[in-house]
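Undergrad: Okay, so here is structure-v4.txt, and as you'll see once you scroll down, it has compact mmCIF, C-alpha atoms.
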# COMPACT_ATOMS: atom_id res chain seq x y z
CA MET A 1 -201.03 130.10 -25.88
CA ALA A 2 -199.85 126.81 -27.46
CA ALA A 3 -197.71 127.01 -30.60
CA ASN A 4 -200.38 125.38 -32.80
CA GLU A 5 -202.99 127.84 -31.49
CA VAL A 6 -200.67 130.75 -32.34
CA ARG A 7 -200.23 129.42 -35.87
CA SER A 8 -203.97 128.90 -36.25
CA GLU A 9 -204.71 132.43 -35.05
CA THR A 10 -202.05 133.86 -37.36
CA ARG A 11 -203.52 132.05 -40.37
CA ARG A 12 -206.98 133.28 -39.44
CA LYS A 13 -205.78 136.89 -39.22
CA ALA A 14 -203.74 136.73 -42.39
CA SER A 15 -206.62 135.20 -44.34
CA ARG A 16 -208.51 138.47 -43.93
CA TYR A 17 -205.86 140.14 -46.05
CA VAL A 18 -205.15 137.52 -48.70
CA VAL A 19 -206.63 137.68 -52.18
CA PRO A 20 -208.41 134.33 -52.71
CA VAL A 21 -207.93 132.11 -55.71
CA ALA A 22 -211.34 133.03 -57.14
CA VAL A 23 -210.39 136.62 -56.51
CA ALA A 24 -213.12 138.27 -58.53
CA GLY A 25 -215.94 136.29 -56.98
CA VAL A 26 -214.85 136.61 -53.36
CA ALA A 27 -213.62 140.19 -53.49
CA ALA A 28 -216.86 141.20 -55.15
CA ALA A 29 -218.73 140.15 -52.03
CA THR A 30 -217.20 143.03 -50.08
CA ILE A 31 -215.94 145.61 -52.54
CA GLY A 32 -217.29 147.09 -55.78
CA LEU A 33 -215.63 146.94 -59.18
CA VAL A 34 -216.77 148.73 -62.33
CA PRO A 35 -217.07 146.33 -65.29
CA ALA A 36 -215.66 146.94 -68.75
CA LEU A 37 -218.49 146.16 -71.19
CA ALA A 38 -217.68 145.68 -74.85
CA ALA A 39 -219.21 148.19 -77.25
CA SER A 40 -220.18 145.43 -79.66
CA GLY A 41 -223.15 144.39 -77.52
CA ASP A 42 -224.13 141.29 -75.62
CA PRO A 43 -222.87 137.92 -76.92
CA ASP A 44 -225.20 135.26 -78.31
CA LEU A 45 -224.71 132.26 -76.03
CA PRO A 46 -226.56 128.93 -75.64
CA GLU A 47 -229.49 129.09 -73.24
CA ILE A 48 -228.80 128.07 -69.65
CA THR A 49 -230.97 127.73 -66.54
CA ALA A 50 -230.23 129.34 -63.19
CA GLN A 51 -229.47 125.94 -61.68
CA GLN A 52 -227.05 125.08 -64.50
CA LEU A 53 -225.31 128.45 -64.09
CA ILE A 54 -224.92 127.95 -60.34
CA GLU A 55 -223.50 124.49 -61.06
CA LYS A 56 -221.07 126.08 -63.51
CA ILE A 57 -219.83 128.50 -60.84
CA ALA A 58 -219.47 125.67 -58.30
CA ALA A 59 -217.52 123.52 -60.79
CA SER A 60 -215.10 126.32 -61.66
CA ASP A 61 -211.51 125.44 -60.77
CA THR A 62 -209.71 128.65 -61.69
CA GLN A 63 -206.30 128.50 -60.02
CA THR A 64 -204.38 131.16 -61.95
CA LEU A 65 -205.28 134.60 -63.20
CA SER A 66 -204.07 138.16 -63.47
CA GLY A 67 -205.88 141.33 -64.39
CA THR A 68 -206.97 144.87 -63.68
CA PHE A 69 -210.19 146.12 -62.18
CA ARG A 70 -211.64 149.35 -60.83
CA VAL A 71 -213.39 149.66 -57.50
CA SER A 72 -216.43 151.90 -57.13
CA THR A 73 -218.52 152.02 -53.95
CA ASP A 74 -221.47 154.29 -53.16
CA LEU A 75 -223.09 153.73 -49.76
CA GLY A 76 -224.86 157.07 -49.91
CA LEU A 77 -222.80 158.42 -47.00
CA PRO A 78 -222.08 162.15 -46.63
CA SER A 79 -218.53 163.41 -46.97
CA LEU A 80 -216.43 162.93 -43.85
CA GLY A 81 -215.42 166.57 -44.24
CA GLY A 82 -214.54 168.01 -40.84
CA LEU A 83 -213.91 164.56 -39.36
CA ALA A 84 -210.66 164.34 -41.27
CA GLY A 85 -208.70 166.14 -38.60
CA ILE A 86 -210.18 164.22 -35.67
CA GLY A 87 -208.13 161.32 -34.35
CA GLY A 88 -204.76 162.62 -35.36
CA GLY A 89 -203.45 160.09 -37.82
CA ALA A 90 -206.17 158.33 -39.71
CA GLY A 91 -205.07 157.55 -43.24
CA SER A 92 -201.48 158.61 -42.52
CA GLY A 93 -199.90 155.99 -44.76
CA SER A 94 -199.88 152.84 -42.60
CA ALA A 95 -198.94 149.65 -44.45
CA ASP A 96 -201.20 147.50 -42.24
CA PRO A 97 -203.78 145.90 -44.60
CA ALA A 98 -206.50 146.23 -41.95
CA GLU A 99 -206.17 150.02 -42.23
CA LYS A 100 -205.16 150.50 -45.86
CA LEU A 101 -207.87 148.42 -47.49
CA THR A 102 -210.61 150.38 -45.72
CA GLU A 103 -210.03 153.00 -48.42
CA LEU A 104 -212.01 150.75 -50.77
CA VAL A 105 -215.30 151.39 -48.95
CA SER A 106 -215.81 154.68 -50.78
CA GLY A 107 -214.97 156.30 -54.08
CA THR A 108 -213.38 154.75 -57.15
CA HIS A 109 -210.04 152.92 -57.20
CA THR A 110 -207.97 150.98 -59.72
CA LEU A 111 -206.37 147.70 -58.72
CA ARG A 112 -204.17 145.01 -60.24
CA VAL A 113 -204.47 141.40 -59.13
CA ALA A 114 -202.60 138.13 -59.67
CA ALA A 115 -203.17 134.64 -58.28
CA ASP A 116 -201.33 131.33 -58.57
CA GLY A 117 -203.20 128.75 -56.52
CA PRO A 118 -203.94 129.01 -52.79
CA GLU A 119 -200.35 129.84 -51.82
CA ARG A 120 -199.62 132.92 -53.93
CA GLN A 121 -201.72 136.06 -54.51
CA ARG A 122 -200.98 139.73 -55.07
CA LEU A 123 -203.20 142.82 -55.04
CA THR A 124 -201.94 146.31 -55.86
CA LEU A 125 -203.99 149.43 -55.17
CA LEU A 126 -203.03 152.30 -57.48
CA ASP A 127 -203.42 155.89 -56.29
CA GLY A 128 -201.91 158.25 -58.81
CA SER A 129 -198.16 157.69 -58.75
CA ASP A 130 -198.39 155.88 -55.40
CA GLU A 131 -199.05 152.18 -54.92
CA TYR A 132 -200.06 149.90 -52.09
CA SER A 133 -199.24 146.22 -52.61
CA LEU A 134 -200.47 143.22 -50.64
CA ILE A 135 -198.55 140.00 -51.35
CA HIS A 136 -199.18 136.49 -50.03
CA ASN A 137 -196.41 133.99 -50.81
CA GLY A 138 -196.40 130.76 -48.83
CA ASP A 139 -195.97 131.55 -45.14
CA ASP A 140 -195.54 135.29 -45.66
CA VAL A 141 -197.97 138.17 -46.08
CA TRP A 142 -196.44 141.54 -46.99
CA GLY A 143 -198.08 144.95 -47.25
CA TYR A 144 -196.08 147.83 -48.80
CA ASP A 145 -197.09 151.49 -49.04
CA SER A 146 -194.83 153.31 -51.51
CA LYS A 147 -196.03 156.74 -50.35
CA SER A 148 -194.84 156.32 -46.75
CA ASN A 149 -192.17 153.68 -47.58
CA GLU A 150 -193.64 151.48 -44.84
CA VAL A 151 -193.84 147.68 -44.82
CA PHE A 152 -196.18 145.38 -42.90
CA HIS A 153 -195.14 141.72 -42.52
CA GLU A 154 -196.99 138.78 -41.04
CA LYS A 155 -195.74 135.20 -41.01
CA GLY A 156 -197.70 131.97 -40.70
CA ALA A 157 -200.31 132.44 -43.44
CA SER A 158 -199.52 129.20 -45.27
CA GLY A 159 -202.22 126.71 -46.07
CA ALA A 160 -205.72 127.17 -47.40
CA PRO A 161 -208.55 126.54 -44.93
CA GLU A 162 -209.69 122.91 -44.81
CA ALA A 163 -212.89 122.36 -46.75
CA ASP A 164 -216.01 122.19 -44.64
CA LYS A 165 -217.09 118.55 -44.66
CA ARG A 166 -220.72 119.66 -44.41
CA LEU A 167 -220.64 121.32 -47.86
CA PRO A 168 -222.39 119.54 -50.74
CA GLY A 169 -220.08 117.17 -52.58
CA THR A 170 -220.90 118.06 -56.19
CA PRO A 171 -221.70 121.26 -58.12
CA LYS A 172 -225.24 120.00 -58.71
CA GLU A 173 -225.77 119.36 -54.99
CA LEU A 174 -224.45 122.83 -54.20
CA ALA A 175 -226.77 124.40 -56.78
CA ASP A 176 -229.70 122.48 -55.30
CA GLU A 177 -228.82 123.75 -51.81
CA VAL A 178 -228.53 127.37 -53.02
CA LEU A 179 -231.91 127.25 -54.74
CA LYS A 180 -233.50 125.51 -51.75
CA ALA A 181 -232.08 128.14 -49.38
CA ALA A 182 -233.52 130.87 -51.60
CA GLY A 183 -236.98 129.44 -51.04
CA ASP A 184 -239.88 131.85 -51.03
CA THR A 185 -237.74 134.87 -50.17
CA THR A 186 -235.53 135.04 -53.26
CA SER A 187 -235.84 135.01 -57.04
CA ILE A 188 -232.84 133.58 -58.94
CA THR A 189 -232.88 133.84 -62.74
CA VAL A 190 -230.57 134.20 -65.73
CA GLY A 191 -230.78 137.75 -67.00
CA GLY A 192 -229.19 137.51 -70.42
CA THR A 193 -225.53 137.84 -71.35
CA ALA A 194 -222.77 140.44 -71.26
CA LYS A 195 -219.22 141.17 -72.36
CA VAL A 196 -216.91 141.69 -69.38
CA ALA A 197 -213.22 142.43 -69.99
CA GLY A 198 -213.64 141.04 -73.50
CA ARG A 199 -215.05 137.72 -72.27
CA ASP A 200 -218.49 136.24 -72.90
CA ALA A 201 -220.53 135.97 -69.72
CA TYR A 202 -223.95 134.96 -68.43
CA GLN A 203 -225.80 137.20 -65.97
CA LEU A 204 -227.13 135.57 -62.78
CA VAL A 205 -229.80 137.83 -61.26
CA ILE A 206 -230.79 137.52 -57.58
CA LYS A 207 -233.70 139.56 -56.22
CA PRO A 208 -235.58 139.67 -52.91
CA LYS A 209 -239.24 138.69 -53.08
CA GLN A 210 -239.90 140.32 -49.71
CA ALA A 211 -240.95 143.95 -49.36
CA GLY A 212 -238.88 146.10 -47.04
CA SER A 213 -235.36 145.13 -48.12
CA THR A 214 -232.93 147.85 -49.22
CA VAL A 215 -231.55 145.47 -51.86
CA GLU A 216 -233.08 145.85 -55.32
CA SER A 217 -230.95 143.16 -56.96
CA VAL A 218 -227.61 141.37 -57.06
CA LYS A 219 -226.19 140.59 -60.49
CA ILE A 220 -223.21 138.31 -61.10
CA ALA A 221 -221.62 137.97 -64.54
CA VAL A 222 -220.17 134.47 -64.93
CA ASP A 223 -217.50 133.56 -67.48
CA ALA A 224 -219.25 131.40 -70.06
CA ALA A 225 -216.13 129.32 -70.66
CA ASN A 226 -214.82 128.54 -67.17
CA GLY A 227 -217.50 129.64 -64.67
CA THR A 228 -215.38 132.28 -62.93
CA PRO A 229 -217.35 135.29 -61.59
CA LEU A 230 -216.21 138.36 -63.54
CA LYS A 231 -218.63 141.03 -62.41
CA PHE A 232 -220.76 141.75 -59.34
CA THR A 233 -223.35 144.51 -58.99
CA LEU A 234 -225.39 145.23 -55.87
CA SER A 235 -228.17 147.78 -56.44
CA SER A 236 -230.29 149.56 -53.84
CA VAL A 237 -234.02 150.23 -53.97
CA GLU A 238 -233.07 153.91 -53.69
CA GLY A 239 -231.81 153.79 -57.26
CA GLY A 240 -228.90 155.82 -58.59
CA LYS A 241 -225.42 154.35 -58.72
CA PRO A 242 -225.02 150.76 -57.49
CA VAL A 243 -223.94 150.35 -53.89
CA LEU A 244 -221.25 147.90 -55.02
CA ASP A 245 -220.26 147.30 -58.63
CA ALA A 246 -217.60 144.72 -59.52
CA GLY A 247 -215.97 143.71 -62.75
CA PHE A 248 -212.61 143.11 -64.39
CA THR A 249 -211.49 145.57 -67.03
CA LYS A 250 -208.79 143.12 -68.10
CA VAL A 251 -208.29 139.46 -67.18
CA ASP A 252 -205.93 136.67 -68.22
CA PHE A 253 -206.19 133.11 -66.87
CA ALA A 254 -202.58 132.17 -67.72
CA LYS A 255 -200.13 131.43 -64.88
CA PRO A 256 -198.51 134.70 -63.66
CA ALA A 257 -194.72 134.97 -63.44
CA ALA A 258 -193.22 133.84 -60.12
CA SER A 259 -191.69 137.30 -59.71
CA GLU A 260 -195.19 138.70 -59.16
CA PHE A 261 -195.20 137.14 -55.69
CA THR A 262 -191.67 137.90 -54.50
CA PHE A 263 -191.04 140.86 -52.20
CA GLU A 264 -188.06 142.41 -50.44
CA ALA A 265 -188.40 145.45 -48.21
CA PRO A 266 -186.84 148.50 -49.94
CA GLU A 267 -183.77 150.01 -48.36
CA GLY A 268 -184.70 152.43 -45.59
CA ALA A 269 -188.30 151.22 -45.34
CA LYS A 270 -189.88 151.00 -41.90
CA VAL A 271 -190.95 147.37 -41.29
CA THR A 272 -193.74 146.52 -38.83
CA GLU A 273 -194.17 142.89 -37.82
CA GLY A 274 -197.62 141.39 -37.23
CA ALA A 275 -198.88 140.22 -33.86
CA ALA A 276 -197.55 136.66 -34.23
CA GLU A 277 -194.03 137.89 -34.95
CA LYS A 278 -194.11 140.13 -31.89
CA GLY A 279 -195.71 137.46 -29.71
CA ALA A 280 -198.67 139.74 -29.06
CA ASP A 281 -202.25 138.63 -28.64
CA ALA A 282 -204.30 139.90 -31.58
CA ALA A 283 -207.24 140.56 -29.29
CA GLY A 284 -205.41 143.41 -27.66
CA SER A 285 -204.39 145.19 -30.84
CA GLY A 286 -207.65 146.87 -31.79
CA HIS A 287 -207.67 150.45 -33.06
CA GLU A 288 -209.07 153.14 -30.81
CA LEU A 289 -211.80 155.49 -31.96
CA PRO A 290 -210.80 159.10 -32.63
CA GLU A 291 -211.15 161.48 -29.72
CA GLY A 292 -214.72 162.72 -29.52
CA LEU A 293 -216.19 159.53 -30.97
CA GLU A 294 -215.28 156.99 -28.29
CA GLY A 295 -217.88 158.42 -25.94
CA LEU A 296 -220.65 157.68 -28.41
CA THR A 297 -220.22 153.93 -27.75
CA GLY A 298 -220.41 154.36 -24.02
CA GLY A 299 -224.19 154.10 -24.14
CA PHE A 300 -224.00 150.77 -26.01
CA PRO A 301 -222.87 148.28 -23.36
CA GLY A 302 -223.79 145.43 -25.63
CA LEU A 303 -221.48 146.72 -28.37
CA GLY A 304 -217.97 145.73 -27.48
CA LYS A 305 -218.52 144.60 -23.89
CA GLY A 306 -220.66 141.59 -24.62
CA ASP A 307 -223.44 142.26 -22.10
CA GLY A 308 -226.29 143.19 -24.46
CA ASP A 309 -229.37 141.12 -25.28
CA LEU A 310 -229.37 140.29 -29.01
CA ASN A 311 -232.47 139.00 -30.80
CA VAL A 312 -233.27 138.33 -34.45
CA ILE A 313 -236.52 139.53 -36.00
CA GLY A 314 -237.83 138.25 -39.34
CA GLU A 315 -236.04 136.14 -41.93
CA GLY A 316 -234.39 136.25 -45.32
CA TRP A 317 -233.66 139.65 -46.83
CA THR A 318 -235.66 141.48 -44.15
CA THR A 319 -233.88 140.03 -41.11
CA ILE A 320 -233.36 142.63 -38.37
CA ALA A 321 -231.00 142.32 -35.41
CA LYS A 322 -232.35 143.82 -32.18
CA LEU A 323 -230.00 144.72 -29.34
CA ASP A 324 -231.24 145.76 -25.91
CA THR A 325 -228.33 147.71 -24.47
CA GLY A 326 -230.03 148.43 -21.15
CA ALA A 327 -228.84 152.03 -21.19
CA PRO A 328 -230.15 155.32 -22.60
CA ALA A 329 -228.84 156.35 -25.98
CA PRO A 330 -225.73 158.60 -25.87
CA LYS A 331 -226.30 162.30 -26.36
CA THR A 332 -224.72 163.34 -29.61
CA ASP A 333 -224.90 167.01 -28.63
CA GLU A 334 -222.06 166.30 -26.21
CA ALA A 335 -219.77 165.33 -29.09
CA PRO A 336 -217.57 167.84 -31.03
CA LYS A 337 -219.47 169.98 -33.55
CA GLU A 338 -217.84 168.17 -36.48
CA VAL A 339 -219.10 164.83 -35.15
CA GLN A 340 -222.56 166.25 -34.45
CA GLY A 341 -222.84 167.48 -38.02
CA PHE A 342 -221.78 164.14 -39.45
CA LEU A 343 -224.22 162.17 -37.30
CA ASP A 344 -227.07 164.60 -38.01
CA SER A 345 -226.49 164.16 -41.74
CA LEU A 346 -226.88 160.39 -41.33
CA GLY A 347 -229.91 160.35 -39.06
CA ASP A 348 -233.66 160.92 -39.25
CA LYS A 349 -235.69 161.51 -36.09
CA VAL A 350 -238.60 159.05 -35.85
CA THR A 351 -241.42 158.31 -33.42
CA GLY A 352 -243.88 155.45 -32.90
CA LYS A 353 -245.35 153.11 -30.31
CA PHE A 354 -241.78 152.39 -29.22
CA GLY A 355 -241.26 156.06 -28.29
CA SER A 356 -238.71 158.09 -30.21
CA GLY A 357 -235.30 157.55 -31.73
CA THR A 358 -233.00 158.15 -34.68
CA VAL A 359 -232.57 156.12 -37.88
CA PHE A 360 -229.00 156.20 -39.20
CA LYS A 361 -229.12 155.44 -42.92
CA THR A 362 -226.98 154.25 -45.80
CA LYS A 363 -228.14 152.88 -49.15
CA LEU A 364 -227.70 149.33 -47.85
CA VAL A 365 -227.71 148.98 -44.04
CA ASN A 366 -229.90 151.09 -41.74
CA ALA A 367 -230.03 151.25 -37.94
CA LEU A 368 -232.67 152.59 -35.55
CA LEU A 369 -231.41 153.73 -32.14
CA THR A 370 -234.24 154.37 -29.71
CA ASP A 371 -233.90 156.95 -26.96
CA ASP A 372 -234.18 154.22 -24.32
CA GLY A 373 -231.18 152.33 -25.72
CA ARG A 374 -232.56 149.69 -28.09
CA VAL A 375 -230.87 149.17 -31.47
CA TYR A 376 -232.47 147.66 -34.60
CA VAL A 377 -230.12 146.97 -37.54
CA GLY A 378 -230.65 145.41 -40.96
CA ALA A 379 -230.49 145.77 -44.73
CA VAL A 380 -234.05 147.05 -44.56
CA THR A 381 -235.88 150.32 -45.08
CA GLU A 382 -236.58 152.91 -42.40
CA ASP A 383 -240.25 151.91 -42.35
CA ALA A 384 -239.30 148.27 -41.73
CA LEU A 385 -237.15 149.27 -38.74
CA VAL A 386 -239.93 151.41 -37.26
CA ASP A 387 -242.46 148.59 -37.77
CA ALA A 388 -240.12 146.14 -36.02
CA ALA A 389 -239.64 148.53 -33.09
CA ASN A 390 -243.40 149.10 -32.79
CA SER A 391 -244.13 145.35 -32.89
CA SER A 392 -241.53 144.41 -30.31
CA LYS A 393 -242.37 147.14 -27.80
Please re-express this file's structure in structure tokens.
TA:
Amino acid sequence: MAANEVRSETRRKASRYVVPVAVAGVAAATIGLVPALAASGDPDLPEITAQQLIEKIAASDTQTLSGTFRVSTDLGLPSLGGLAGIGGGAGSGSADPAEKLTELVSGTHTLRVAADGPERQRLTLLDGSDEYSLIHNGDDVWGYDSKSNEVFHEKGASGAPEADKRLPGTPKELADEVLKAAGDTTSITVGGTAKVAGRDAYQLVIKPKQAGSTVESVKIAVDAANGTPLKFTLSSVEGGKPVLDAGFTKVDFAKPAASEFTFEAPEGAKVTEGAAEKGADAAGSGHELPEGLEGLTGGFPGLGKGDGDLNVIGEGWTTIAKLDTGAPAPKTDEAPKEVQGFLDSLGDKVTGKFGSGTVFKTKLVNALLTDDGRVYVGAVTEDALVDAANSSK
């Protein structure tokens, strides 16, 4: 592999781990944060249209910030329980960001964040007296787990991605494109105001117009002064706690101290270099499934081996991906009892014109696996999956 290709691949990998400049807005797209709402009530702000608010977000040029937020995620999954002992080392204190940050997909966590332009960011995950820190400073990305005293290091992360020349050139053009893309499938409105981390904010409310989506609404609180997203809430039609809920509890837009982004491996720490430092191809460094689970993918030749037939059904919020694997579904009763129990708690047996199968459910994404090896996946309800399977039979 040429040197420039190695550097490009390294930057691509490292970018998965780096806290972006607009950290609240981007992180909120994948993780949930619980907002701190002021007890004094919602602020009285000048009226603003949805288009003007989208323009305000697009025009935001926040380069520096620091703050604290809490992460709360509820996908409606059962406890992993007996799966904890399967696989021999999951969650054993690795400093690799790809492993450590998966902890954010469930439960509630407290984090600290700092950013100083595209070259310097820091995120610290607090877990009692233990901390996990992820630092990007120029060419270097460091991950440090205080509990295991392990360090992960990857070099070659310098440089923000080049802007896509196809993007609209002005905030107004971007707002126009967002509203046009929403079309008949989406409602975008301003849903009042809020106090988030002591700051006045507008609420942008996004809702599907289509029936059958698992998404009830997406709400984004936008800083009234500078347009920075401060809070993100994704709610399911099932009700209860939000699937993802995001918001600063404390935020400061002043430039953080340079010391926030410096890191030296503690004495005695075990340091693991990333693929680029070792000269390894990232494609060959994937993590294996725990023993007892790897067999469950054997009946999905299209998942991981690239020989399935993928089709897209529907559009907008009710889009469903259909995969014809060409092989019968794997038999879960051949898996360990702990795995069987976990899968049974996720799945509902269903029948229809398509035959029979199992719907594996969360509060956001559901998947129907038919007994003859077809897979239907989307952020849609169980009924929508069954209807899609019946219609495409």
Undergrad: Calculate how many Å separate atom CA of A:Gln210 from atom CA of A:Ser391, rounding to one decimal.
TA: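 Between atom CA of A:Gln210 and atom CA of A:Ser391 the gap is 18.1 Å.
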Undergrad: Select, from A:Thr186, A:Thr381, A:Ser146, A:Thr370, the residue with the minimum atom-to-atom distance to A:Gly268, counting only C-alpha atoms.
TA: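 Residue with the minimum atom-to-atom distance to A:Gly268: A:Ser146.
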Undergrad: A:Ile206: which residues within 9 Å, counting all atoms listed in the file, same-chain residues fewer than 4 positions away excluded, as JSON, numbers by chain?
TA: {"A": [186, 187, 188, 189, 190, 216, 217, 218, 219, 220]}
Undergrad: Have a look at atom CA of A:Ala197 and atom CA of A:Asp44 and let me know their distance in Å, one decimal.
TA: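 The value is 16.3 Å.
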Undergrad: Determine, counting only C-alpha atoms, every residue of protein, DNA or RNA that lies within 6 Å of (-209.4, 139.1, -63.1) in the file coordinates, then give the result as a list of chain:residue names.
TA: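 Residues with an atom close enough to that point: A:Ala24, A:Ser66, A:Gly67, A:Phe248, A:Val251.
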Undergrad: What's around A:Lys231 at 6 Å? Count all atoms listed in the file, leave out sequence neighbours fewer than 4 positions away in its own chain, and write the answer as a list in words.
TA: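 Listing them by chain and then by number gives Ile220, Ala221, Ala246 and Gly247 of chain A.
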Undergrad: Could you work out how far atom CA of A:Asn366 lies from atom CA of A:Ala379, giving the answer in Å with one decimal?
TA: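 These atoms are spaced 6.1 Å apart.
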Undergrad: Counting only C-alpha atoms, figure out which residue out of A:Asp74, A:Asp223, A:Asp61, A:Glu99 gets nearest to A:Leu244.
TA: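 Smallest separation from A:Leu244 among the options: A:Asp74.
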Undergrad: Ranking A:Phe152, A:Phe354, A:Trp142, A:Tyr132 by minimum distance to A:Glu273 and counting all atoms listed in the file, which one comes first?
TA: A:Phe152
Undergrad: Counting only C-alpha atoms, which residues have an atom no more than 7 Å from (-190.1, 148.6, -50.2) in the file's coordinates? Please list them as a PDB file with C-alpha atoms, in the frame of the given file.
TA:
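selection-v4.pdb written:
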ATOM      1  CA  TYR A 144    -196.080 147.830 -48.800  1.00  0.00           C
ATOM      2  CA  SER A 146    -194.830 153.310 -51.510  1.00  0.00           C
ATOM      3  CA  ASN A 149    -192.170 153.680 -47.580  1.00  0.00           C
ATOM      4  CA  VAL A 151    -193.840 147.680 -44.820  1.00  0.00           C
ATOM      5  CA  GLU A 264    -188.060 142.410 -50.440  1.00  0.00           C
ATOM      6  CA  ALA A 265    -188.400 145.450 -48.210  1.00  0.00           C
ATOM      7  CA  PRO A 266    -186.840 148.500 -49.940  1.00  0.00           C
ATOM      8  CA  GLU A 267    -183.770 150.010 -48.360  1.00  0.00           C
ATOM      9  CA  ALA A 269    -188.300 151.220 -45.340  1.00  0.00           C
TER      10      ALA A 269
END
Undergrad: When distances are computed from all atoms listed in the file, which of A:Leu204, A:Thr102, A:Gly355, A:Gly274 shows the smallest separation from A:Gly156?
TA: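 That would be A:Gly274, the residue with the smallest distance to A:Gly156.
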Undergrad: Pick out the residues sitting within 9 Å of A:Leu364, and hand them over as a VMD selection string; count all atoms listed in the file, and ignore anything fewer than 2 positions along from it in its own chain.
TA: chain A and resid 75 to 76 213 to 215 235 to 237 243 361 to 362 366 378 to 381
Undergrad: From the options A:Glu315, A:Glu154, A:Asp324, A:Asp245, which residue's atoms come nearest to A:Arg70, counting only C-alpha atoms?
TA: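 Smallest distance to A:Arg70 is found for A:Asp245.
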Undergrad: Writing N, CA and C atoms and nothing else, produce stretch 59-71 of chain A as a CSV table (one decimal), in the first residue's frame.
TA:
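Result file is decode.csv:
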chain,number,residue,atom,x,y,z
A,59,ALA,N,-24.8,28.2,10.1
A,59,ALA,CA,-23.9,29.3,10.2
A,59,ALA,C,-23.0,29.3,11.4
A,60,SER,N,-23.3,28.4,12.4
A,60,SER,CA,-22.5,28.3,13.6
A,60,SER,C,-21.1,27.9,13.3
A,61,ASP,N,-20.1,28.7,13.9
A,61,ASP,CA,-18.7,28.5,13.7
A,61,ASP,C,-18.0,28.3,15.1
A,62,THR,N,-18.6,27.4,15.9
A,62,THR,CA,-18.0,27.2,17.2
A,62,THR,C,-16.7,26.3,17.1
A,63,GLN,N,-15.6,26.9,17.5
A,63,GLN,CA,-14.3,26.3,17.3
A,63,GLN,C,-13.8,25.8,18.7
A,64,THR,N,-14.2,26.4,19.8
A,64,THR,CA,-13.7,26.1,21.1
A,64,THR,C,-14.9,25.9,22.1
A,65,LEU,N,-14.7,24.9,22.9
A,65,LEU,CA,-15.7,24.7,24.0
A,65,LEU,C,-15.1,23.7,25.0
A,66,SER,N,-15.7,23.7,26.1
A,66,SER,CA,-15.5,22.6,27.1
A,66,SER,C,-16.7,22.5,28.0
A,67,GLY,N,-16.9,21.3,28.5
A,67,GLY,CA,-18.1,21.1,29.3
A,67,GLY,C,-18.3,19.7,29.8
A,68,THR,N,-19.4,19.5,30.5
A,68,THR,CA,-19.7,18.2,31.0
A,68,THR,C,-21.1,17.7,30.5
A,69,PHE,N,-21.2,16.5,30.2
A,69,PHE,CA,-22.6,16.0,29.9
A,69,PHE,C,-22.7,14.5,30.4
A,70,ARG,N,-24.0,14.1,30.5
A,70,ARG,CA,-24.3,12.7,30.9
A,70,ARG,C,-24.9,12.0,29.7
A,71,VAL,N,-24.5,10.7,29.6
A,71,VAL,CA,-25.0,9.9,28.5
A,71,VAL,C,-26.0,8.9,29.0
